[in-house]
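Participant: Pasting in a structure now, in structure tokens, and then I'll have a few things to ask.
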Amino acid sequence: AEEYYYGTKPNDFLRLAVQGLRPAARVLSVGEGEGRNAVYLAKQGFRVTAVDASSVGRDKALRLAKGAGVELDYRVMDLADGFESLGDGWDAIVSVWCHLPLKLRQEFYQWTPGALRAGGVFIFEGYTPKQLEFGTGGPKDVALLCEPQDIRRELLASQIAVEFEVL
């Protein structure tokens with residue numbers, strides 16, 4: 001569709017989470033979709049690489065970026081093919097509503113610490129299985145959802161310091 005499914009405004013949590021990042025930080029946004037978050041980040045002066053499996057999403061994101069007067073490095077790829085091509089030295093890795101199957105999520109969490117520069121941050125927002133009760137969005141497959149203790153365990157196994165709040 002021509003319209004942007006989630007709109008063009010950035011995710012509220014993301015806006016708050018990036019406030020402490022240094023100007024010109026390198027940010028990787030996985031599961032970016034139509035670009036609302038990547039464009040916001042680029043408008044804040046961050047150097048953004050966006051990743052998603054959808055070329056339609058990429059095209060819409062690049063159109064949104066052009067309208068906002070910013071540039072994105074947008075890569076169409078399947079994360080299941082591996083993360084190594086994304087490189088390292090990221091100041092932040094962002095995952096907003098990018099619900100991955102368990103095995104892929106664990107592999108992603110194993111890769112993330114080595115991909116972040118010293119002091120880099122991983123910004124994550126996702127649904128727990130409780131979301132299924134509300135029926136208002138997110139995956140309908142419980143296997144794609146995770147509890148905070150699962151995230152904490154998986155990230156600690158990856159040597160990432162974990163600080164988060166469940167809302």
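If you're wondering about the labels, chains in the structure tokens are A, B, ... by order shown, residues count from 1 in each chain, ligands from 1 in order shown.
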Would you pick out the contacts of region 129-132 of chain A at 10 Å or less, using only C-alpha atoms, so that residues sharing its chain but fewer than 2 positions from it are not included, and give the list as a list in words?
Facilitator: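 Using only C-alpha atoms, the neighbours found are Gly126, Tyr127, Phe134, Gly135, Thr136, Gly137, Gly138, Pro139, Lys140, Asp141, Val142, Ala143, Leu144, Leu145, Cys146 and Glu147 of chain A.
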Participant: Keeping only all heavy atoms, write the selected residues to a file as a compact mmCIF listing (two decimals), in the first residue's frame.
Facilitator:
# COMPACT_ATOMS: atom_id res chain seq x y z
N GLY A 126 9.86 -5.00 22.58
CA GLY A 126 9.10 -6.10 22.00
C GLY A 126 7.98 -6.52 22.93
O GLY A 126 7.87 -6.05 24.06
N TYR A 127 7.15 -7.41 22.43
CA TYR A 127 6.01 -7.90 23.19
C TYR A 127 6.34 -9.16 23.98
O TYR A 127 7.15 -9.97 23.56
CB TYR A 127 4.85 -8.25 22.25
CG TYR A 127 4.14 -7.06 21.66
CD1 TYR A 127 4.12 -6.86 20.29
CD2 TYR A 127 3.47 -6.15 22.46
CE1 TYR A 127 3.45 -5.78 19.74
CE2 TYR A 127 2.79 -5.08 21.92
CZ TYR A 127 2.79 -4.89 20.55
OH TYR A 127 2.11 -3.84 20.02
N PHE A 134 -4.53 -9.20 24.69
CA PHE A 134 -5.10 -7.91 24.29
C PHE A 134 -5.58 -7.92 22.84
O PHE A 134 -6.48 -7.17 22.48
CB PHE A 134 -4.10 -6.79 24.50
CG PHE A 134 -3.62 -6.70 25.92
CD1 PHE A 134 -2.30 -6.99 26.25
CD2 PHE A 134 -4.48 -6.33 26.94
CE1 PHE A 134 -1.85 -6.92 27.56
CE2 PHE A 134 -4.05 -6.25 28.25
CZ PHE A 134 -2.73 -6.55 28.56
N GLY A 135 -4.92 -8.72 22.00
CA GLY A 135 -5.30 -8.79 20.59
C GLY A 135 -5.17 -7.48 19.84
O GLY A 135 -5.92 -7.22 18.90
N THR A 136 -4.23 -6.63 20.26
CA THR A 136 -4.11 -5.30 19.65
C THR A 136 -2.89 -5.14 18.77
O THR A 136 -2.64 -4.06 18.27
CB THR A 136 -4.07 -4.22 20.74
OG1 THR A 136 -3.01 -4.51 21.65
CG2 THR A 136 -5.39 -4.15 21.49
N GLY A 137 -2.13 -6.16 18.56
CA GLY A 137 -0.95 -6.03 17.70
C GLY A 137 0.12 -7.02 18.10
O GLY A 137 0.00 -7.72 19.09
N GLY A 138 1.15 -7.05 17.29
CA GLY A 138 2.26 -7.95 17.55
C GLY A 138 2.01 -9.34 16.99
O GLY A 138 0.91 -9.64 16.50
N PRO A 139 3.02 -10.18 17.06
CA PRO A 139 2.89 -11.53 16.53
C PRO A 139 1.81 -12.33 17.27
O PRO A 139 1.61 -12.15 18.46
CB PRO A 139 4.27 -12.15 16.80
CG PRO A 139 5.19 -11.02 17.01
CD PRO A 139 4.36 -9.91 17.58
N LYS A 140 1.15 -13.19 16.55
CA LYS A 140 0.15 -14.06 17.16
C LYS A 140 0.75 -15.40 17.56
O LYS A 140 0.10 -16.21 18.19
CB LYS A 140 -1.01 -14.30 16.18
CG LYS A 140 -1.66 -13.03 15.68
CD LYS A 140 -2.21 -12.18 16.79
CE LYS A 140 -2.86 -10.92 16.25
NZ LYS A 140 -2.51 -9.72 16.98
N ASP A 141 2.00 -15.62 17.17
CA ASP A 141 2.72 -16.86 17.48
C ASP A 141 3.51 -16.65 18.77
O ASP A 141 4.45 -15.85 18.81
CB ASP A 141 3.65 -17.20 16.32
CG ASP A 141 4.43 -18.47 16.54
OD1 ASP A 141 4.38 -19.06 17.64
OD2 ASP A 141 5.14 -18.88 15.59
N VAL A 142 3.14 -17.34 19.83
CA VAL A 142 3.80 -17.18 21.13
C VAL A 142 5.30 -17.47 21.05
O VAL A 142 6.08 -16.93 21.84
CB VAL A 142 3.10 -18.03 22.22
CG1 VAL A 142 3.38 -19.51 22.03
CG2 VAL A 142 3.49 -17.56 23.62
N ALA A 143 5.72 -18.27 20.10
CA ALA A 143 7.14 -18.59 19.96
C ALA A 143 7.97 -17.37 19.57
O ALA A 143 9.19 -17.36 19.76
CB ALA A 143 7.33 -19.70 18.93
N LEU A 144 7.33 -16.33 19.04
CA LEU A 144 8.04 -15.11 18.66
C LEU A 144 8.07 -14.08 19.79
O LEU A 144 8.71 -13.05 19.67
CB LEU A 144 7.39 -14.49 17.42
CG LEU A 144 7.49 -15.31 16.14
CD1 LEU A 144 6.69 -14.66 15.04
CD2 LEU A 144 8.94 -15.51 15.74
N LEU A 145 7.38 -14.38 20.87
CA LEU A 145 7.31 -13.46 22.00
C LEU A 145 8.22 -13.97 23.11
O LEU A 145 8.53 -15.15 23.18
CB LEU A 145 5.86 -13.38 22.48
CG LEU A 145 4.84 -13.03 21.39
CD1 LEU A 145 3.43 -13.16 21.91
CD2 LEU A 145 5.10 -11.64 20.84
N CYS A 146 8.66 -13.07 23.99
CA CYS A 146 9.53 -13.52 25.07
C CYS A 146 9.29 -12.72 26.34
O CYS A 146 8.85 -11.58 26.30
CB CYS A 146 10.99 -13.46 24.64
SG CYS A 146 11.53 -11.87 24.02
N GLU A 147 9.59 -13.36 27.43
CA GLU A 147 9.46 -12.74 28.75
C GLU A 147 10.76 -11.98 29.08
O GLU A 147 11.83 -12.34 28.58
CB GLU A 147 9.23 -13.82 29.81
CG GLU A 147 7.91 -14.55 29.67
CD GLU A 147 6.71 -13.70 30.07
OE1 GLU A 147 6.89 -12.55 30.53
OE2 GLU A 147 5.58 -14.19 29.89
Participant: Hey, what does DSSP flag as strand (DSSP E or B) within chain A? Can you give it to me as an NGL selection string?
Facilitator: :A and (26-30 or 47-52 or 73-76 or 90-96 or 116-125)
Participant: Using N, CA, C and O atoms, can you export the residues from the last selection as a compact mmCIF listing (two decimals), in the first residue's frame?
Facilitator:
# COMPACT_ATOMS: atom_id res chain seq x y z
N ARG A 26 27.06 5.80 15.17
CA ARG A 26 26.68 4.80 14.17
C ARG A 26 25.61 3.91 14.77
O ARG A 26 25.83 3.28 15.81
N VAL A 27 24.45 3.86 14.10
CA VAL A 27 23.31 3.11 14.63
C VAL A 27 22.85 2.09 13.59
O VAL A 27 22.65 2.43 12.42
N LEU A 28 22.66 0.86 14.05
CA LEU A 28 22.10 -0.20 13.23
C LEU A 28 20.69 -0.46 13.71
O LEU A 28 20.47 -0.72 14.89
N SER A 29 19.74 -0.39 12.79
CA SER A 29 18.34 -0.66 13.13
C SER A 29 17.87 -1.90 12.38
O SER A 29 17.77 -1.88 11.15
N VAL A 30 17.59 -2.98 13.12
CA VAL A 30 17.17 -4.24 12.50
C VAL A 30 15.64 -4.34 12.48
O VAL A 30 14.97 -3.82 13.37
N ARG A 47 24.36 8.34 12.10
CA ARG A 47 24.64 7.64 10.84
C ARG A 47 23.95 6.29 10.93
O ARG A 47 24.36 5.44 11.72
N VAL A 48 22.93 6.10 10.12
CA VAL A 48 22.02 4.97 10.29
C VAL A 48 22.16 3.95 9.16
O VAL A 48 22.14 4.30 7.98
N THR A 49 22.27 2.70 9.57
CA THR A 49 22.14 1.57 8.66
C THR A 49 20.89 0.83 9.08
O THR A 49 20.75 0.45 10.25
N ALA A 50 19.97 0.66 8.15
CA ALA A 50 18.72 -0.04 8.42
C ALA A 50 18.75 -1.38 7.71
O ALA A 50 19.32 -1.50 6.62
N VAL A 51 18.14 -2.38 8.34
CA VAL A 51 18.10 -3.73 7.77
C VAL A 51 16.68 -4.27 7.87
O VAL A 51 16.03 -4.12 8.91
N ASP A 52 16.22 -4.87 6.78
CA ASP A 52 14.92 -5.52 6.78
C ASP A 52 14.89 -6.51 5.62
O ASP A 52 15.67 -6.37 4.67
N ASP A 73 21.57 4.18 4.87
CA ASP A 73 22.14 2.98 4.27
C ASP A 73 21.12 1.90 4.60
O ASP A 73 21.01 1.50 5.76
N TYR A 74 20.36 1.46 3.62
CA TYR A 74 19.30 0.49 3.87
C TYR A 74 19.63 -0.80 3.14
O TYR A 74 19.76 -0.82 1.92
N ARG A 75 19.75 -1.88 3.90
CA ARG A 75 20.12 -3.17 3.33
C ARG A 75 18.96 -4.15 3.44
O ARG A 75 18.42 -4.36 4.52
N VAL A 76 18.62 -4.74 2.31
CA VAL A 76 17.60 -5.79 2.29
C VAL A 76 18.32 -7.11 2.49
O VAL A 76 19.19 -7.48 1.70
N TRP A 90 29.42 -0.61 16.13
CA TRP A 90 28.17 0.14 16.26
C TRP A 90 28.09 0.82 17.63
O TRP A 90 28.41 0.22 18.64
N ASP A 91 27.63 2.06 17.64
CA ASP A 91 27.38 2.76 18.90
C ASP A 91 26.06 2.30 19.51
O ASP A 91 25.90 2.30 20.73
N ALA A 92 25.13 1.92 18.65
CA ALA A 92 23.84 1.40 19.11
C ALA A 92 23.30 0.42 18.08
O ALA A 92 23.46 0.62 16.88
N ILE A 93 22.68 -0.62 18.59
CA ILE A 93 21.92 -1.54 17.77
C ILE A 93 20.49 -1.47 18.27
O ILE A 93 20.24 -1.61 19.47
N VAL A 94 19.56 -1.20 17.37
CA VAL A 94 18.16 -0.97 17.70
C VAL A 94 17.31 -2.10 17.15
O VAL A 94 17.43 -2.47 15.98
N SER A 95 16.44 -2.62 18.00
CA SER A 95 15.48 -3.64 17.60
C SER A 95 14.13 -3.26 18.20
O SER A 95 13.87 -3.49 19.37
N VAL A 96 13.29 -2.63 17.38
CA VAL A 96 11.96 -2.20 17.82
C VAL A 96 10.93 -3.05 17.10
O VAL A 96 10.79 -2.98 15.88
N LEU A 116 29.02 -4.30 18.92
CA LEU A 116 28.96 -2.99 19.57
C LEU A 116 30.36 -2.52 19.92
O LEU A 116 31.21 -3.30 20.33
N ARG A 117 30.61 -1.23 19.78
CA ARG A 117 31.88 -0.67 20.24
C ARG A 117 31.84 -0.65 21.77
O ARG A 117 30.76 -0.80 22.37
N ALA A 118 32.97 -0.46 22.41
CA ALA A 118 33.00 -0.34 23.87
C ALA A 118 32.06 0.79 24.28
O ALA A 118 32.12 1.89 23.73
N GLY A 119 31.16 0.50 25.21
CA GLY A 119 30.19 1.50 25.66
C GLY A 119 28.95 1.60 24.80
O GLY A 119 28.06 2.40 25.07
N GLY A 120 28.88 0.78 23.75
CA GLY A 120 27.70 0.80 22.88
C GLY A 120 26.48 0.25 23.58
O GLY A 120 26.59 -0.43 24.61
N VAL A 121 25.31 0.53 23.04
CA VAL A 121 24.07 0.11 23.68
C VAL A 121 23.20 -0.68 22.71
O VAL A 121 23.22 -0.46 21.50
N PHE A 122 22.43 -1.60 23.28
CA PHE A 122 21.44 -2.37 22.54
C PHE A 122 20.08 -1.88 23.02
O PHE A 122 19.77 -1.95 24.21
N ILE A 123 19.28 -1.37 22.11
CA ILE A 123 17.96 -0.82 22.43
C ILE A 123 16.92 -1.77 21.86
O ILE A 123 16.87 -2.00 20.65
N PHE A 124 16.10 -2.33 22.74
CA PHE A 124 15.15 -3.36 22.33
C PHE A 124 13.76 -3.03 22.88
O PHE A 124 13.62 -2.66 24.04
N GLU A 125 12.75 -3.18 22.03
CA GLU A 125 11.36 -3.12 22.49
C GLU A 125 10.60 -4.24 21.80
O GLU A 125 10.71 -4.41 20.58
Participant: Which of these, A:Cys98, A:Val70, A:Leu62, A:Ile151, has the shortest distance to Lys43 (chain A) once you count only C-alpha atoms?
Facilitator: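 For Lys43 (chain A), the nearest of the candidates is A:Val70.
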Participant: Determine the nearest neighbour of Thr112 (chain A) from the options A:Phe83, A:Trp97, A:Gly7, A:Asp59, counting only C-alpha atoms.
Facilitator: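 Smallest separation from Thr112 (chain A) among the options: A:Phe83.
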Participant: Write down as number ranges by chain the residues of region 115-160 of chain A whose backbone DSSP state falls under helix (DSSP H, G or I).
Facilitator: A: 115, 129-133, 142-144, 148-157
Participant: Could you work out how far CA of Met77 (chain A) lies from CA of Phe46 (chain A), giving the answer in Å with one decimal?
Facilitator: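 Distance reported for this atom pair: 21.6 Å.
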